[in-house]
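Below: run_28.tsv (TSV, C-alpha atoms)
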chain	number	residue	atom	x	y	z
A	1	MET	CA	10.55	-2.42	-27.16
A	2	THR	CA	11.99	-3.56	-23.85
A	3	VAL	CA	10.13	-2.27	-20.82
A	4	PRO	CA	11.54	-2.58	-17.30
A	5	VAL	CA	8.79	-3.83	-14.99
A	6	LEU	CA	9.05	-3.15	-11.26
A	7	LEU	CA	8.11	-5.99	-8.91
A	8	PHE	CA	6.99	-6.03	-5.28
A	9	ALA	CA	6.13	-8.37	-2.39
A	10	SER	CA	6.34	-12.10	-3.23
A	11	LEU	CA	7.18	-11.38	-6.87
A	12	ARG	CA	10.18	-9.34	-5.74
A	13	SER	CA	11.38	-12.13	-3.43
A	14	LYS	CA	11.19	-14.63	-6.33
A	15	HIS	CA	12.25	-12.60	-9.38
A	16	GLY	CA	14.10	-9.52	-8.09
A	17	ASP	CA	13.30	-5.79	-8.08
A	18	CYS	CA	12.81	-5.38	-11.80
A	19	VAL	CA	12.51	-7.57	-14.92
A	20	PRO	CA	12.96	-6.47	-18.54
A	21	VAL	CA	9.95	-7.46	-20.65
A	22	GLU	CA	10.01	-7.51	-24.45
A	23	LEU	CA	6.79	-6.09	-25.92
A	24	PRO	CA	5.63	-5.03	-29.37
A	25	ALA	CA	5.29	-1.25	-29.90
A	26	ASN	CA	1.96	0.11	-28.61
A	27	ALA	CA	1.36	-2.99	-26.50
A	28	THR	CA	-1.47	-2.77	-23.98
A	29	VAL	CA	-1.45	-3.56	-20.28
A	30	GLY	CA	-3.51	-6.64	-21.17
A	31	ALA	CA	-0.73	-7.86	-23.49
A	32	LEU	CA	1.88	-7.22	-20.81
A	33	LYS	CA	-0.14	-9.32	-18.35
A	34	SER	CA	-0.23	-12.24	-20.82
A	35	VAL	CA	3.55	-12.10	-21.26
A	36	LEU	CA	4.15	-11.93	-17.49
A	37	ARG	CA	1.72	-14.82	-16.85
A	38	SER	CA	3.45	-16.96	-19.49
A	39	GLN	CA	6.77	-16.33	-17.71
A	40	GLY	CA	5.34	-17.15	-14.28
A	41	ILE	CA	5.83	-13.56	-13.09
A	42	TRP	CA	2.31	-13.01	-11.80
A	43	VAL	CA	0.11	-13.68	-8.78
A	44	ASP	CA	-3.69	-13.89	-8.50
A	45	GLY	CA	-5.28	-10.53	-7.86
A	46	ALA	CA	-2.29	-8.51	-9.04
A	47	ARG	CA	-2.83	-5.23	-10.90
A	48	VAL	CA	-0.58	-3.27	-13.24
A	49	ALA	CA	0.37	0.34	-12.52
A	50	VAL	CA	1.59	2.70	-15.22
A	51	ASN	CA	3.27	5.91	-14.11
A	52	ARG	CA	2.25	5.29	-10.51
A	53	ALA	CA	-1.46	4.79	-11.08
A	54	PHE	CA	-3.52	1.62	-11.63
A	55	ALA	CA	-4.08	1.04	-15.36
A	56	THR	CA	-6.84	-0.81	-17.24
A	57	ASP	CA	-6.10	-3.67	-19.67
A	58	GLU	CA	-6.78	-1.33	-22.62
A	59	HIS	CA	-4.16	1.21	-21.56
A	60	THR	CA	-1.30	1.50	-24.09
A	61	ILE	CA	2.25	1.27	-22.72
A	62	GLU	CA	4.86	3.75	-24.00
A	63	GLN	CA	8.58	3.04	-24.06
A	64	ARG	CA	9.39	5.46	-21.23
A	65	ASP	CA	6.50	4.60	-18.91
A	66	GLU	CA	7.18	3.47	-15.35
A	67	VAL	CA	5.47	0.08	-15.21
A	68	ALA	CA	4.91	-2.01	-12.08
A	69	VAL	CA	3.09	-5.15	-11.00
A	70	ILE	CA	1.14	-4.57	-7.79
A	71	PRO	CA	0.26	-7.80	-5.93
A	72	PRO	CA	-2.72	-7.54	-3.53
A	73	VAL	CA	-1.64	-5.01	-0.92
A	74	SER	CA	-1.42	-5.50	2.85
A	75	GLY	CA	-0.76	-2.12	4.42
A	76	GLY	CA	-2.70	-0.79	7.40
B	1	MET	CA	-0.40	15.55	6.34
B	2	ILE	CA	0.37	12.66	3.99
B	3	ARG	CA	3.45	10.68	4.89
B	4	LEU	CA	5.32	7.41	4.77
B	5	GLN	CA	7.82	7.35	7.60
B	6	PRO	CA	10.29	5.00	9.29
B	7	GLU	CA	9.91	6.88	12.61
B	8	PRO	CA	7.22	5.99	15.18
B	9	ILE	CA	3.88	7.68	14.50
B	10	ASP	CA	2.65	10.27	17.01
B	11	PRO	CA	-1.16	10.47	16.70
B	12	GLU	CA	-1.27	13.70	18.70
B	13	LEU	CA	0.95	15.40	16.13
B	14	ILE	CA	-1.47	14.30	13.40
B	15	ARG	CA	-4.49	15.50	15.39
B	16	ARG	CA	-2.82	18.86	15.84
B	17	SER	CA	-2.16	19.12	12.09
B	18	LEU	CA	-5.96	19.07	11.61
B	19	GLU	CA	-6.79	21.70	14.23
B	20	GLY	CA	-9.11	24.53	13.23
B	21	THR	CA	-12.17	26.29	14.53
B	22	ASP	CA	-14.41	24.98	11.73
B	23	ALA	CA	-14.30	21.30	12.75
B	24	GLY	CA	-16.67	20.03	15.43
B	25	GLY	CA	-15.55	16.41	15.02
B	26	VAL	CA	-12.10	14.92	14.59
B	27	VAL	CA	-11.81	11.14	14.18
B	28	LEU	CA	-8.48	9.32	14.21
B	29	PHE	CA	-8.05	5.64	13.41
B	30	CYS	CA	-4.87	3.94	14.64
B	31	GLY	CA	-3.97	0.57	13.11
B	32	GLU	CA	-1.60	-1.39	15.33
B	33	VAL	CA	0.53	-4.51	14.89
B	34	ARG	CA	-1.27	-7.54	16.34
B	35	ALA	CA	0.74	-10.13	18.27
B	36	ILE	CA	-1.61	-13.03	17.42
B	37	THR	CA	-3.59	-13.67	14.22
B	38	GLY	CA	-5.65	-16.85	14.59
B	39	GLU	CA	-3.01	-19.18	16.01
B	40	VAL	CA	-0.02	-17.49	14.41
B	41	ARG	CA	2.27	-15.46	16.62
B	42	THR	CA	3.96	-12.38	15.16
B	43	GLU	CA	7.24	-11.21	16.66
B	44	ARG	CA	7.93	-8.39	14.23
B	45	VAL	CA	6.71	-7.09	10.90
B	46	VAL	CA	8.42	-5.20	8.11
B	47	TYR	CA	6.39	-2.84	5.94
B	48	THR	CA	7.66	-1.96	2.47
B	49	ALA	CA	6.05	0.22	-0.18
B	50	TYR	CA	6.25	1.27	-3.77
B	51	GLU	CA	6.80	4.67	-2.22
B	52	PRO	CA	6.12	7.16	-5.04
B	53	MET	CA	2.92	5.38	-6.03
B	54	ALA	CA	1.84	4.85	-2.42
B	55	LEU	CA	2.14	8.59	-1.79
B	56	ALA	CA	0.31	9.40	-5.03
B	57	GLU	CA	-2.49	6.99	-4.13
B	58	MET	CA	-2.73	8.40	-0.57
B	59	GLU	CA	-2.96	11.87	-2.10
B	60	ARG	CA	-5.83	10.74	-4.37
B	61	LEU	CA	-7.72	9.19	-1.43
B	62	ALA	CA	-7.18	12.31	0.66
B	63	ASN	CA	-8.49	14.56	-2.11
B	64	GLU	CA	-11.54	12.35	-2.63
B	65	ALA	CA	-12.38	12.31	1.09
B	66	ALA	CA	-11.75	16.04	1.45
B	67	GLU	CA	-14.19	16.74	-1.36
B	68	ARG	CA	-16.90	14.19	-0.44
B	69	TRP	CA	-17.11	15.06	3.26
B	70	ASN	CA	-15.74	18.59	3.21
B	71	ALA	CA	-13.02	17.28	5.49
B	72	ARG	CA	-9.47	18.07	6.42
B	73	VAL	CA	-7.67	14.72	6.40
B	74	ALA	CA	-4.37	13.08	7.25
B	75	LEU	CA	-2.87	9.74	6.22
B	76	VAL	CA	0.37	8.48	7.73
B	77	HIS	CA	1.82	4.97	7.31
B	78	ARG	CA	4.96	3.65	8.90
B	79	LEU	CA	7.59	1.70	6.96
B	80	GLY	CA	10.37	-0.61	8.12
B	81	GLU	CA	10.44	-2.84	11.18
B	82	LEU	CA	7.64	-2.73	13.78
B	83	ARG	CA	6.80	-4.76	16.89
B	84	PRO	CA	3.41	-5.84	18.24
B	85	GLY	CA	1.63	-2.84	19.74
B	86	ASP	CA	3.34	-0.34	17.44
B	87	ILE	CA	1.14	1.97	15.38
B	88	ALA	CA	1.42	1.05	11.70
B	89	VAL	CA	-1.05	3.56	10.27
B	90	VAL	CA	-3.17	6.56	11.21
B	91	THR	CA	-6.04	7.92	9.16
B	92	ALA	CA	-7.79	11.03	10.41
B	93	ALA	CA	-10.59	13.34	9.36
B	94	ALA	CA	-11.79	16.67	10.73
B	95	CYS	CA	-15.30	17.74	9.72
B	96	ALA	CA	-18.02	20.11	10.86
B	97	HIS	CA	-19.92	17.20	12.47
B	98	ARG	CA	-19.00	13.78	13.83
B	99	ALA	CA	-21.03	11.70	11.35
B	100	GLU	CA	-19.01	12.93	8.36
B	101	ALA	CA	-15.76	12.65	10.31
B	102	PHE	CA	-16.40	8.98	11.14
B	103	GLU	CA	-17.40	8.23	7.54
B	104	ALA	CA	-14.40	10.00	6.02
B	105	CYS	CA	-11.98	8.32	8.43
B	106	ARG	CA	-13.49	4.89	7.68
B	107	PHE	CA	-13.30	5.54	3.95
B	108	LEU	CA	-9.61	6.45	4.23
B	109	ILE	CA	-8.54	3.33	6.11
B	110	GLU	CA	-10.67	0.95	4.00
B	111	ARG	CA	-9.39	2.38	0.72
B	112	LEU	CA	-5.81	2.52	1.99
B	113	LYS	CA	-5.98	-1.18	2.84
B	114	ALA	CA	-7.38	-1.98	-0.61
B	115	ASP	CA	-5.38	0.26	-2.95
B	116	VAL	CA	-2.22	1.77	-1.48
B	117	PRO	CA	0.83	-0.27	-2.55
B	118	ILE	CA	2.26	-1.18	0.86
B	119	TRP	CA	3.06	-4.75	1.94
B	120	LYS	CA	3.57	-6.44	5.25
B	121	GLN	CA	6.09	-9.20	5.87
B	122	GLU	CA	5.51	-11.01	9.17
B	123	PHE	CA	8.21	-12.77	11.18
B	124	GLY	CA	7.30	-15.35	13.82
B	125	PRO	CA	8.75	-18.43	15.51
B	126	ASP	CA	8.06	-20.53	12.38
B	127	GLY	CA	9.65	-18.24	9.81
B	128	SER	CA	8.39	-15.47	7.61
B	129	VAL	CA	5.41	-14.80	5.34
B	130	ILE	CA	4.51	-11.95	3.03
B	131	ARG	CA	0.86	-10.92	3.16
B	132	GLU	CA	-0.82	-10.27	-0.17
B	133	GLY	CA	-4.39	-9.24	0.57
B	134	GLU	CA	-5.93	-12.07	2.59
B	135	ARG	CA	-3.38	-14.67	1.59
B	136	THR	CA	0.08	-15.36	2.93
B	137	VAL	CA	3.06	-16.35	0.83
B	138	GLU	CA	5.91	-18.28	2.46
B	139	VAL	CA	9.28	-16.67	1.92
B	140	GLU	CA	11.84	-19.26	0.90
B	141	ASN	CA	14.97	-17.32	1.78
B	142	ALA	CA	14.60	-15.96	5.30
B	143	GLY	CA	15.74	-12.44	4.36
B	144	GLU	CA	13.70	-9.31	4.07
B	145	VAL	CA	12.13	-8.21	0.81
B	146	GLY	CA	13.32	-4.67	0.16
B	147	GLY	CA	10.99	-1.78	-0.60
Full structure transcribed into structure tokens:
Amino acid sequence: MTVPVLLFASLRSKHGDCVPVELPANATVGALKSVLRSQGIWVDGARVAVNRAFATDEHTIEQRDEVAVIPPVSGG
Amino acid sequence: MIRLQPEPIDPELIRRSLEGTDAGGVVLFCGEVRAITGEVRTERVVYTAYEPMALAEMERLANEAAERWNARVALVHRLGELRPGDIAVVTAAACAHRAEAFEACRFLIERLKADVPIWKQEFGPDGSVIREGERTVEVENAGEVGG
């Protein structure tokens, strides 16, 4: 399945708003992270959000999920 | 009141949103844009957010604080371009007594700074950096990173 992954902060400035990522069916967040790291689309301390909430590495990604990489935040 | 807004923040409006006869202590924290960090001068900053998740996360923090300290709370963060001295964020808590109000307000700002997906891009005389937690990332093209 191809999952669009939303990007923010420095990742957005380097790779754009959103990248399509090819994943096997029932892939986990952990697997997604490995793919993103191998493509250089990752920064230290980033977390993955699924459907607008932080997700653990074990979380399974569904085709229609809203997936995002959240670099360390700097609001406030 | 939980909001992300491009307009200037009026702390008095937020205080008034928490008014009630049950609260003996209302604490507001205002986070403002600093002109100097170490030796780096900031002329303007641009805040962007993953807005739907930022609001959802602010809602979760507000609910947690409301429950833990029996508080009425508000969280407002500004987005877009700000200048030094502008208010970037207000967290506020109204509780029966001041101790809980201070604790709840502190909790809200600390957790907001750790978990709410908002980012600051700083512009100074030497160019622009994006802040990611404690680190800064140079921006190669001088433009703004959209939200």
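The interface of chain A with chain B at 7 Å, considering all atoms listed in the file, consists of Ala9, Ser10, Arg12, Ser13, Arg52, Ala53, Ile70, Pro71, Pro72, Val73, Ser74, Gly75 and Gly76 of chain A.
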*Determine, counting all atoms listed in the file, which protein, DNA and RNA residues have an atom within 9 Å of an atom of His59 of chain A; residues of the same chain fewer than 6 positions away are not included. Present the result as a VMD selection string.*
chain A and resid 27 to 30 50
*Near Pro4 of chain A, counting all atoms listed in the file, which residues have an atom at most 12 Å away, once you skip same-chain residues fewer than 5 positions from it, shown as a PyMOL selection string?*
chain A and resi 16-23+32+36+50+61-69
*Write out as a list in words each polymer residue whose atoms come within 8 Å of segment 10-15 of chain B, counting only C-alpha atoms; drop sequence neighbours fewer than 4 positions from it.*
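That gives Met1, Glu19, Val26, Leu28, Cys30, Ala74, Val90 and Ala92 of chain B.
A straight line drawn from atom CA of Thr60 of chain A to atom CA of Leu61 of chain B is 24.8 Å long.
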_As an exercise, work out the distance from atom CA of Val3 of chain A to atom CA of Arg3 of chain B in Å and give it to one decimal place._
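Atom-to-atom, atom CA of Val3 of chain A and atom CA of Arg3 of chain B are spaced 29.6 Å apart.
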*Provide the atom CA of Gly25 of chain B to atom CA of Asn63 of chain B distance in Å, to one decimal place.*
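Atom CA of Gly25 of chain B sits 18.6 Å away from atom CA of Asn63 of chain B.
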*Sel. within 12 Å of pt (13.1, -3.7, 17.7), counting only C-alpha atoms, output as an NGL selection string*: :B and (8 or 43-46 or 80-86)
*Identify, on the basis of all atoms listed in the file, every residue whose closest approach to Glu100 of chain B does not exceed 12 Å; exclude the query and any residue fewer than 5 positions from it along the same chain; express the result as number ranges by chain.*
B: 23-27, 65-73, 92-95, 105-107
If I wrap all listed atoms of segment 44-55 of chain B in a box with edges along x, y and z and add 5 Å on each side, what are its centre and edge lengths in Å to one decimal, as lines of an AutoDock Vina configuration file?
center_x = 5.1
center_y = 0.1
center_z = 4.1
size_x = 16.6
size_y = 27.0
size_z = 30.3
